[in-house]
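Pasted below: coords_12.txt, compact mmCIF, C-alpha atoms.
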```
# COMPACT_ATOMS: atom_id res chain seq x y z
CA MET A 18 0.00 0.00 0.00
CA PRO A 19 1.50 3.38 -1.00
CA THR A 20 2.54 5.75 1.78
CA PRO A 21 1.13 9.32 1.95
CA PHE A 22 4.43 10.57 0.56
CA GLU A 23 4.19 8.28 -2.45
CA HIS A 24 0.66 9.63 -3.03
CA LEU A 25 2.02 13.16 -2.72
CA ALA A 26 4.72 12.45 -5.29
CA ALA A 27 2.11 11.04 -7.66
CA PHE A 28 -0.04 14.19 -7.68
CA ASP A 29 -0.86 15.41 -11.16
CA ARG A 30 1.22 18.60 -11.40
CA LEU A 31 -1.07 20.03 -14.06
CA VAL A 32 -3.93 19.98 -11.54
CA HIS A 33 -1.99 20.52 -8.32
CA GLU A 34 -0.85 24.07 -9.16
CA PRO A 35 -3.03 26.39 -6.97
CA ALA A 36 -4.33 28.69 -9.71
CA ARG A 37 -5.19 25.78 -12.02
CA LEU A 38 -6.84 23.90 -9.16
CA ALA A 39 -8.98 26.99 -8.47
CA ILE A 40 -9.96 27.20 -12.17
CA LEU A 41 -10.85 23.51 -12.33
CA THR A 42 -12.82 23.70 -9.06
CA ALA A 43 -14.84 26.66 -10.36
CA LEU A 44 -15.56 24.84 -13.62
CA SER A 45 -16.50 21.60 -11.84
CA ALA A 46 -19.57 23.29 -10.31
CA CYS A 47 -21.02 24.51 -13.62
CA GLU A 48 -21.36 23.54 -17.26
CA LYS A 49 -19.23 26.38 -18.61
CA ALA A 50 -18.01 29.82 -17.57
CA ASP A 51 -16.55 32.77 -19.42
CA PHE A 52 -13.11 34.31 -19.07
CA VAL A 53 -14.39 37.26 -16.95
CA PHE A 54 -16.05 34.88 -14.48
CA LEU A 55 -12.83 32.88 -14.00
CA ARG A 56 -10.88 36.11 -13.58
CA SER A 57 -13.36 37.29 -10.92
CA LEU A 58 -13.01 34.07 -8.98
CA THR A 59 -9.30 33.50 -9.23
CA GLY A 60 -8.08 37.10 -9.17
CA LEU A 61 -5.54 36.19 -11.84
CA THR A 62 -4.36 38.70 -14.41
CA LYS A 63 -5.51 38.23 -18.02
CA GLY A 64 -2.08 36.95 -19.04
CA ASN A 65 -1.77 34.48 -16.17
CA LEU A 66 -5.26 33.12 -16.65
CA SER A 67 -4.68 32.73 -20.39
CA SER A 68 -1.44 30.83 -19.86
CA HIS A 69 -3.04 28.49 -17.32
CA LEU A 70 -5.99 27.88 -19.63
CA VAL A 71 -3.66 27.08 -22.53
CA LYS A 72 -1.87 24.50 -20.36
CA LEU A 73 -5.17 22.98 -19.23
CA GLU A 74 -6.45 22.88 -22.80
CA GLN A 75 -3.24 21.25 -24.00
CA GLY A 76 -3.63 18.68 -21.24
CA GLY A 77 -7.16 17.96 -22.47
CA LEU A 78 -8.76 19.03 -19.19
CA VAL A 79 -10.73 22.02 -20.51
CA ALA A 80 -12.34 22.98 -23.79
CA ILE A 81 -12.36 26.59 -24.98
CA GLU A 82 -15.23 27.86 -27.10
CA LYS A 83 -15.69 31.26 -28.72
CA ALA A 84 -19.20 32.67 -28.82
CA PHE A 85 -21.01 35.97 -29.27
CA ALA A 86 -23.51 37.83 -27.07
CA GLY A 87 -24.89 40.26 -29.62
CA LYS A 88 -21.74 41.74 -31.12
CA GLN A 89 -19.62 41.08 -28.06
CA PRO A 90 -17.22 38.14 -28.31
CA ILE A 91 -17.21 35.78 -25.30
CA THR A 92 -14.76 33.03 -24.50
CA TYR A 93 -16.40 30.14 -22.70
CA ILE A 94 -14.37 27.52 -20.89
CA ALA A 95 -15.76 24.13 -19.93
CA LEU A 96 -14.34 21.12 -18.12
CA THR A 97 -14.01 18.11 -20.45
CA GLY A 98 -15.07 14.62 -19.42
CA GLU A 99 -11.41 13.78 -18.94
CA GLY A 100 -11.00 16.95 -16.85
CA ARG A 101 -13.80 15.88 -14.53
CA ASP A 102 -12.29 12.40 -14.14
CA VAL A 103 -8.81 13.81 -13.45
CA LEU A 104 -10.16 16.26 -10.86
CA LYS A 105 -12.13 13.47 -9.19
CA ALA A 106 -9.01 11.29 -9.07
CA TYR A 107 -7.04 14.23 -7.67
CA TRP A 108 -9.46 14.70 -4.76
CA LYS A 109 -9.51 10.96 -4.10
CA ARG A 110 -5.73 10.96 -3.84
CA PHE A 111 -5.83 14.13 -1.73
CA ASP A 112 -8.18 12.40 0.76
CA LYS A 113 -5.83 9.40 0.93
CA VAL A 114 -2.90 11.70 1.74
CA ARG A 115 -4.91 13.46 4.42
CA LYS A 116 -6.01 10.20 6.01
CA GLY A 117 -2.49 8.77 5.74
CA LEU A 118 -0.92 11.81 7.40
CA ARG A 119 -3.36 11.51 10.29
CA HIS A 120 -1.99 8.03 11.07
CA LEU A 121 1.67 9.05 10.93
CA LYS A 122 3.52 8.90 14.25
CA PRO A 123 6.09 11.54 15.17
CA LEU A 124 9.66 10.42 14.55
CA ARG A 125 11.69 9.83 17.73
CA VAL A 126 15.27 10.91 17.55
CA ASN A 127 17.64 9.37 20.06
CA GLN A 128 19.61 11.95 21.99
CA PRO A 129 23.41 11.30 22.01
CA MET B 14 -3.84 25.53 -1.56
CA ASN B 15 -6.29 26.32 1.18
CA GLN B 16 -9.10 23.75 1.05
CA GLU B 17 -11.59 26.20 2.57
CA ARG B 18 -10.90 28.59 -0.30
CA LEU B 19 -11.60 25.84 -2.82
CA GLU B 20 -14.87 25.01 -1.08
CA ARG B 21 -15.87 28.67 -1.31
CA ILE B 22 -14.97 28.76 -5.00
CA ARG B 23 -17.16 25.71 -5.54
CA LEU B 24 -20.04 27.22 -3.55
CA LEU B 25 -19.72 30.48 -5.44
CA SER B 26 -19.68 28.76 -8.80
CA ALA B 27 -22.60 26.48 -7.90
CA ARG B 28 -24.76 29.32 -6.55
CA PHE B 29 -23.61 32.12 -8.85
CA HIS B 30 -27.03 32.80 -10.39
CA GLU B 31 -28.89 32.54 -7.08
CA LEU B 32 -26.51 35.01 -5.42
CA GLN B 33 -27.28 37.74 -7.97
CA GLY B 34 -29.47 39.24 -5.28
CA LEU B 35 -29.99 42.77 -6.61
CA ARG B 36 -32.54 41.26 -8.99
CA VAL B 37 -34.48 39.77 -6.07
CA ALA B 38 -34.19 43.00 -4.08
CA LEU B 39 -35.48 45.09 -7.02
CA ALA B 40 -38.33 42.64 -7.69
CA GLY B 41 -39.28 42.68 -4.01
CA ALA B 42 -39.18 46.48 -3.79
CA ILE B 43 -41.38 46.93 -6.90
CA MET B 44 -43.78 44.22 -5.71
CA ALA B 45 -44.08 45.84 -2.27
CA LEU B 46 -44.56 49.33 -3.75
CA VAL B 47 -47.20 48.34 -6.31
CA VAL B 48 -49.18 46.05 -3.98
CA GLY B 49 -48.75 48.49 -1.07
CA GLY B 50 -49.95 51.33 -3.32
CA TYR B 51 -52.99 49.26 -4.27
CA LEU B 52 -53.82 48.51 -0.62
CA LEU B 53 -53.54 52.19 0.30
CA THR B 54 -55.55 53.60 -2.62
CA ALA B 55 -58.24 50.96 -3.24
CA PRO B 56 -61.50 51.84 -1.48
CA GLU B 57 -62.19 48.16 -0.76
CA PRO B 58 -59.13 45.93 -1.32
CA SER B 59 -59.86 42.44 -2.64
CA HIS B 60 -57.90 39.28 -3.50
CA ASP B 61 -58.55 39.79 -7.23
CA GLY B 62 -57.28 43.37 -7.01
CA ALA B 63 -54.13 42.18 -5.21
CA MET B 64 -53.55 39.58 -7.95
CA ILE B 65 -53.87 42.27 -10.66
CA ALA B 66 -51.47 44.55 -8.74
CA LEU B 67 -49.02 41.64 -8.54
CA LEU B 68 -49.23 41.06 -12.30
CA VAL B 69 -48.66 44.79 -12.92
CA SER B 70 -45.56 44.65 -10.70
CA PHE B 71 -44.21 41.71 -12.78
CA VAL B 72 -44.42 43.88 -15.91
CA LEU B 73 -42.49 46.64 -14.14
CA ILE B 74 -39.92 44.19 -12.73
CA ALA B 75 -38.90 42.68 -16.11
CA PRO B 76 -36.80 45.56 -17.58
CA GLY B 77 -34.99 46.20 -14.28
CA VAL B 78 -34.14 42.55 -13.83
CA TRP B 79 -32.87 42.39 -17.42
CA SER B 80 -30.59 45.42 -16.80
CA LEU B 81 -29.26 43.87 -13.60
CA LYS B 82 -28.54 40.63 -15.46
CA ARG B 83 -26.31 42.65 -17.78
CA TYR B 84 -24.67 44.34 -14.79
CA TYR B 85 -23.75 40.97 -13.25
CA ALA B 86 -22.50 39.65 -16.61
CA THR B 87 -20.15 42.61 -17.10
CA THR B 88 -19.00 42.80 -13.46
CA PHE B 89 -18.63 39.14 -12.48
CA GLY B 90 -18.79 37.35 -15.82
CA ARG B 91 -21.10 34.82 -17.41
CA GLN B 92 -21.67 31.26 -16.37
CA VAL B 93 -23.93 28.46 -17.51
CA ALA B 94 -25.03 26.45 -14.50
CA GLY B 95 -26.04 23.20 -16.15
CA PRO B 96 -26.88 21.60 -19.46
CA ARG B 97 -30.09 22.76 -21.14
CA ARG B 98 -32.94 20.65 -19.79
CA LYS B 99 -35.76 19.23 -21.85
CA PRO B 100 -38.81 21.50 -21.45
CA TRP B 101 -41.43 18.81 -20.86
CA PRO B 102 -40.53 17.87 -17.24
CA THR B 103 -40.74 21.56 -16.26
CA LEU B 104 -44.05 21.95 -18.11
CA LEU B 105 -45.36 18.81 -16.38
CA ILE B 106 -44.39 20.17 -12.95
CA TRP B 107 -46.06 23.53 -13.73
CA TRP B 108 -49.19 21.76 -14.94
CA ALA B 109 -49.31 19.62 -11.77
CA TYR B 110 -48.72 22.71 -9.63
CA PHE B 111 -51.58 24.66 -11.23
CA ALA B 112 -53.86 21.62 -11.01
CA VAL B 113 -53.20 21.33 -7.26
CA ALA B 114 -53.56 25.11 -6.72
CA TRP B 115 -56.81 25.22 -8.74
CA THR B 116 -58.24 22.23 -6.83
CA LEU B 117 -57.35 23.85 -3.50
CA ASN B 118 -58.97 27.14 -4.54
CA ALA B 119 -62.09 25.38 -5.80
CA GLN B 120 -62.48 23.10 -2.77
CA PHE B 121 -61.68 25.54 0.02
CA GLU B 122 -63.14 29.02 -0.09
CA ALA B 123 -60.81 30.15 2.68
CA ILE B 124 -57.80 29.64 0.38
CA PRO B 125 -57.68 32.58 -2.05
CA ALA B 126 -56.09 32.36 -5.51
CA GLY B 127 -52.40 33.15 -5.11
CA ALA B 128 -52.11 31.67 -1.62
CA PRO B 129 -50.60 28.35 -2.89
CA ALA B 130 -47.93 30.38 -4.75
CA VAL B 131 -47.09 32.30 -1.57
CA ALA B 132 -46.88 29.04 0.40
CA THR B 133 -44.59 27.55 -2.28
CA VAL B 134 -42.27 30.57 -2.07
CA ALA B 135 -42.21 30.23 1.72
CA PHE B 136 -41.35 26.50 1.58
CA ALA B 137 -38.70 27.08 -1.12
CA SER B 138 -37.13 29.77 1.07
CA VAL B 139 -36.98 27.44 4.08
CA TRP B 140 -35.37 24.78 1.88
CA MET B 141 -32.74 27.27 0.61
CA ALA B 142 -31.96 28.44 4.15
CA ILE B 143 -31.45 24.82 5.30
CA ARG B 144 -29.49 23.79 2.18
CA ASP B 145 -26.97 26.64 2.52
CA TRP B 146 -27.00 26.90 6.32
CA PRO B 147 -25.61 29.10 7.87
CA TRP B 148 -24.55 31.15 4.82
CA ARG B 149 -28.08 32.04 3.73
CA ALA B 150 -30.05 31.77 6.96
CA TYR B 151 -31.67 35.12 6.09
CA TYR B 152 -33.97 33.28 3.67
CA LEU B 153 -36.08 32.53 6.74
CA LEU B 154 -37.29 36.14 6.51
CA ALA B 155 -39.65 35.19 3.65
CA PRO B 156 -41.58 32.44 5.52
CA ALA B 157 -41.60 34.70 8.59
CA ALA B 158 -43.25 37.46 6.51
CA VAL B 159 -45.80 35.01 5.09
CA GLY B 160 -46.45 33.63 8.59
CA ILE B 161 -47.07 37.14 9.97
CA GLY B 162 -49.51 37.81 7.11
CA PHE B 163 -51.45 34.59 7.73
CA ILE B 164 -51.54 35.12 11.51
CA ALA B 165 -52.71 38.74 11.12
CA SER B 166 -55.53 37.62 8.83
CA ALA B 167 -56.61 34.61 10.93
CA PRO B 168 -60.21 34.83 12.21
CA VAL B 169 -58.92 34.63 15.81
CA THR B 170 -56.71 37.72 15.57
CA GLY B 171 -58.93 39.55 13.07
CA VAL B 172 -56.34 42.28 12.53
CA LEU B 173 -56.95 42.39 8.76
CA ALA B 174 -60.14 42.58 6.76
CA PRO B 175 -60.61 39.24 4.89
CA GLY B 176 -60.17 40.89 1.47
CA MET B 177 -56.79 42.31 2.43
CA THR B 178 -55.07 39.02 3.36
CA LEU B 179 -53.46 38.27 0.01
CA GLY B 180 -52.46 41.89 -0.63
CA VAL B 181 -50.79 42.19 2.77
CA ILE B 182 -49.00 38.86 2.31
CA TYR B 183 -47.66 39.99 -1.09
CA LEU B 184 -46.61 43.29 0.46
CA LEU B 185 -44.75 41.57 3.32
CA LEU B 186 -43.22 39.00 0.97
CA GLY B 187 -42.00 41.75 -1.36
CA ALA B 188 -40.62 43.72 1.59
CA SER B 189 -38.79 40.60 2.89
CA MET B 190 -37.26 40.04 -0.56
CA VAL B 191 -35.41 43.38 -0.35
CA PRO B 192 -33.06 42.46 2.55
CA ILE B 193 -32.81 38.86 1.26
CA GLY B 194 -31.66 40.08 -2.15
CA LEU B 195 -29.27 42.66 -0.72
CA LEU B 196 -27.74 40.07 1.64
CA ASP B 197 -27.36 37.61 -1.27
CA HIS B 198 -25.56 40.30 -3.26
CA LEU B 199 -23.31 41.14 -0.31
CA LEU B 200 -22.53 37.44 0.13
CA LEU B 201 -21.58 37.23 -3.56
CA VAL B 202 -19.30 40.27 -3.27
CA ARG B 203 -17.77 38.95 -0.02
CA LEU B 204 -17.16 35.46 -1.43
CA VAL B 205 -15.59 36.86 -4.60
CA LYS B 206 -13.30 39.03 -2.47
CA GLU B 207 -12.36 36.10 -0.22
CA VAL B 208 -11.62 33.59 -2.95
CA ARG B 209 -9.44 35.88 -5.04
CA GLU B 210 -5.87 34.78 -4.82
CA PRO B 211 -3.55 37.49 -3.47
CA GLN B 212 -1.48 38.79 -6.36
CA PRO B 213 2.27 39.02 -5.88
CA ALA B 214 3.66 42.55 -5.94
CA SER B 215 4.88 43.46 -9.42
CA VAL B 216 8.62 43.45 -9.82
CA GLU B 217 10.16 45.66 -12.46
CA ILE B 218 13.31 44.65 -14.26
CA GLY B 219 16.25 46.67 -12.97
CA GLY B 220 15.80 46.08 -9.28
CA HIS B 221 13.00 48.60 -8.66
CA THR B 222 9.87 47.26 -6.99
```
What would you get if you wrote out this structure as structure tokens?
Amino acid sequence: MPTPFEHLAAFDRLVHEPARLAILTALSACEKADFVFLRSLTGLTKGNLSSHLVKLEQGGLVAIEKAFAGKQPITYIALTGEGRDVLKAYWKRFDKVRKGLRHLKPLRVNQP
Amino acid sequence: MNQERLERIRLLSARFHELQGLRVALAGAIMALVVGGYLLTAPEPSHDGAMIALLVSFVLIAPGVWSLKRYYATTFGRQVAGPRRKPWPTLLIWWAYFAVAWTLNAQFEAIPAGAPAVATVAFASVWMAIRDWPWRAYYLLAPAAVGIGFIASAPVTGVLAPGMTLGVIYLLLGASMVPIGLLDHLLLVRLVKEVREPQPASVEIGGHT
């Protein structure tokens, strides 16, 4: 059975990064959201959010769709099926780490 | 990453449309003003008159709500909560609801038209308060307002004339929607502020910060 540290090492780095985790969490509670909404929630700058979204899209976790509201262009971002599965697996692993750490005993160091 | 922050992001994303409370506050204020105006000016207020005043308030509410929808879209962004549902289950529920309300009105003279709708709003508010406890406990204001209206119009207390019951309940319900909506909006603003990640200070090339 893997130790909590082995679980930690196996975390998906694409998901584990705090800003990307916040984006994925926001998208997991809805069908799709636009760029402004994700900026409001994450507080990221336009450039940072764009670069994170590109990485997530390249990883197949989100899909980006261009639409129009009247004449105004809107960029919608949605979690893909794979994205939902990966996020679910991430939280499962996260729970295992948390439970594992709870059972760890403090290391005793012998005094010379 | 703070897990509490992620939970708040999830809550915010899941309840984004519900937390756009200025729409509820505006609807409540217009409803209270129109129905209240009717109760004050009508020589003999009736349930039918209250229903007409309510319908008039809906017409006045629509453009304001539409403008506020645009405000939320430009300020906080757009979000689609769930996949488009098939219309027939919703139509079926509405049909069943009207059938039950019509039967109640026809069978019991004491239940005026519009009372089942008020009761539904009160139950829905209790459910929302319990579902999002303690975040949105203020939703209990709506059933409290309806309860006060019913108690005031009960034959035992006799505070209100029988024809005024529905009008007063609409007035109280509308008035209770104003703080509910404002508190929802404040919760939205507070949650957005709390979940925003602190931005690192910008560092300029050349050693100046």
Exercise. What is the atom CA of Gly180 of chain B-atom CA of Met64 of chain B distance in Å, reported with one decimal?
Worked result: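 Atom CA of Met64 of chain B lies 7.8 Å from atom CA of Gly180 of chain B.
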Atomic distance atom CA of Val205 of chain B - atom CA of Ser57 of chain A, expressed in Å with one decimal: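 Answer for the atom CA of Val205 of chain B to atom CA of Ser57 of chain A separation: 6.7 Å.
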If you count all atoms listed in the file, the residue of A:Lys113, A:Lys72, A:His33, A:Lys88 closest to chain B turns out to be A:His33
Could you give me, as a ChimeraX atom specification, the residues that have an atom at most 10 Å away from the point (-47.1, 25.7, -8.9) in the coordinates of the file, using all atoms listed in the file? /B:106-115,127,129-134
Keeping only C-alpha atoms, write the selected residues to a file as a tab-separated table (two decimals), in the frame of the given file.
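Output file out_14.tsv follows:
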```
chain	number	residue	atom	x	y	z
B	106	ILE	CA	-44.39	20.17	-12.95
B	107	TRP	CA	-46.06	23.53	-13.73
B	108	TRP	CA	-49.19	21.76	-14.94
B	109	ALA	CA	-49.31	19.62	-11.77
B	110	TYR	CA	-48.72	22.71	-9.63
B	111	PHE	CA	-51.58	24.66	-11.23
B	112	ALA	CA	-53.86	21.62	-11.01
B	113	VAL	CA	-53.20	21.33	-7.26
B	114	ALA	CA	-53.56	25.11	-6.72
B	115	TRP	CA	-56.81	25.22	-8.74
B	127	GLY	CA	-52.40	33.15	-5.11
B	129	PRO	CA	-50.60	28.35	-2.89
B	130	ALA	CA	-47.93	30.38	-4.75
B	131	VAL	CA	-47.09	32.30	-1.57
B	132	ALA	CA	-46.88	29.04	0.40
B	133	THR	CA	-44.59	27.55	-2.28
B	134	VAL	CA	-42.27	30.57	-2.07
```
Counting all atoms listed in the file, the residue among B:Pro58, B:Gly90, B:Gly34, B:Gly176 that lies closest to chain A is B:Gly90
Please tabulate, as CSV, the residues of chain B that come within 10 Å of chain A, each with its closest pair of atoms and the distance in Å to one decimal, counting only C-alpha atoms and ordering rows by chain, then residue number upward.
```
residue,atom,partner,partner_atom,distance
B:Met14,CA,A:Pro35,CA,5.5
B:Asn15,CA,A:Pro35,CA,8.8
B:Arg18,CA,A:Ala39,CA,8.5
B:Leu19,CA,A:Ala39,CA,6.3
B:Glu20,CA,A:Thr42,CA,8.3
B:Arg21,CA,A:Ala43,CA,9.3
B:Ile22,CA,A:Ala43,CA,5.8
B:Arg23,CA,A:Ala43,CA,5.4
B:Leu24,CA,A:Ala46,CA,7.8
B:Leu25,CA,A:Ala43,CA,7.9
B:Ser26,CA,A:Ala43,CA,5.5
B:Ala27,CA,A:Ala46,CA,5.0
B:Arg28,CA,A:Ala46,CA,8.8
B:Phe29,CA,A:Cys47,CA,9.3
B:Tyr85,CA,A:Phe54,CA,9.9
B:Ala86,CA,A:Phe54,CA,8.3
B:Thr87,CA,A:Val53,CA,7.9
B:Thr88,CA,A:Val53,CA,8.0
B:Phe89,CA,A:Phe54,CA,5.4
B:Gly90,CA,A:Phe54,CA,3.9
B:Arg91,CA,A:Asp51,CA,5.4
B:Gln92,CA,A:Ala50,CA,4.1
B:Val93,CA,A:Lys49,CA,5.3
B:Ala94,CA,A:Cys47,CA,4.5
B:Gly95,CA,A:Glu48,CA,4.8
B:Pro96,CA,A:Glu48,CA,6.3
B:Arg97,CA,A:Glu48,CA,9.6
B:Leu204,CA,A:Leu58,CA,8.7
B:Val205,CA,A:Leu58,CA,5.8
B:Lys206,CA,A:Leu58,CA,8.2
B:Glu207,CA,A:Leu58,CA,9.0
B:Val208,CA,A:Leu58,CA,6.2
B:Arg209,CA,A:Gly60,CA,4.5
B:Glu210,CA,A:Gly60,CA,5.4
B:Pro211,CA,A:Gly60,CA,7.3
B:Gln212,CA,A:Leu61,CA,7.3
```
Between atom CA of Leu153 of chain B and atom CA of Val181 of chain B, what is the distance in Å, rounded to a tenth?
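Interatomic distance here is 18.0 Å.
Proximity of A:Leu66, A:Leu96, A:Leu118, A:Leu78 to Leu31 of chain A, computed with all atoms listed in the file, is greatest for A:Leu78.
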What lies within 10 Å of Ser138 of chain B using only C-alpha atoms, ignoring chain neighbours under 5 positions off, as a PyMOL selection string? chain B and resi 132-133+143-144+149-156
Set the distance at 12 Å and use all atoms listed in the file: which residues neighbour segment 46-48 of chain B once local chain neighbours fewer than 6 positions away are removed? I'd like the list as an mmCIF file with C-alpha atoms, keeping the file's coordinate frame.
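Result saved to selection25.cif:
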```
data_model
loop_
_atom_site.group_PDB
_atom_site.id
_atom_site.type_symbol
_atom_site.label_atom_id
_atom_site.label_comp_id
_atom_site.auth_asym_id
_atom_site.auth_seq_id
_atom_site.Cartn_x
_atom_site.Cartn_y
_atom_site.Cartn_z
ATOM 1 C CA LEU B 39 -35.480 45.090 -7.020
ATOM 2 C CA ALA B 40 -38.330 42.640 -7.690
ATOM 3 C CA THR B 54 -55.550 53.600 -2.620
ATOM 4 C CA ALA B 55 -58.240 50.960 -3.240
ATOM 5 C CA PRO B 58 -59.130 45.930 -1.320
ATOM 6 C CA SER B 59 -59.860 42.440 -2.640
ATOM 7 C CA HIS B 60 -57.900 39.280 -3.500
ATOM 8 C CA ASP B 61 -58.550 39.790 -7.230
ATOM 9 C CA GLY B 62 -57.280 43.370 -7.010
ATOM 10 C CA ALA B 63 -54.130 42.180 -5.210
ATOM 11 C CA MET B 64 -53.550 39.580 -7.950
ATOM 12 C CA ILE B 65 -53.870 42.270 -10.660
ATOM 13 C CA ALA B 66 -51.470 44.550 -8.740
ATOM 14 C CA LEU B 67 -49.020 41.640 -8.540
ATOM 15 C CA LEU B 68 -49.230 41.060 -12.300
ATOM 16 C CA VAL B 69 -48.660 44.790 -12.920
ATOM 17 C CA SER B 70 -45.560 44.650 -10.700
ATOM 18 C CA PHE B 71 -44.210 41.710 -12.780
ATOM 19 C CA VAL B 72 -44.420 43.880 -15.910
ATOM 20 C CA LEU B 73 -42.490 46.640 -14.140
ATOM 21 C CA ILE B 74 -39.920 44.190 -12.730
ATOM 22 C CA MET B 177 -56.790 42.310 2.430
ATOM 23 C CA THR B 178 -55.070 39.020 3.360
ATOM 24 C CA LEU B 179 -53.460 38.270 0.010
ATOM 25 C CA GLY B 180 -52.460 41.890 -0.630
ATOM 26 C CA VAL B 181 -50.790 42.190 2.770
ATOM 27 C CA ILE B 182 -49.000 38.860 2.310
ATOM 28 C CA TYR B 183 -47.660 39.990 -1.090
ATOM 29 C CA LEU B 184 -46.610 43.290 0.460
ATOM 30 C CA LEU B 185 -44.750 41.570 3.320
ATOM 31 C CA LEU B 186 -43.220 39.000 0.970
ATOM 32 C CA GLY B 187 -42.000 41.750 -1.360
ATOM 33 C CA ALA B 188 -40.620 43.720 1.590
ATOM 34 C CA VAL B 191 -35.410 43.380 -0.350
#
```
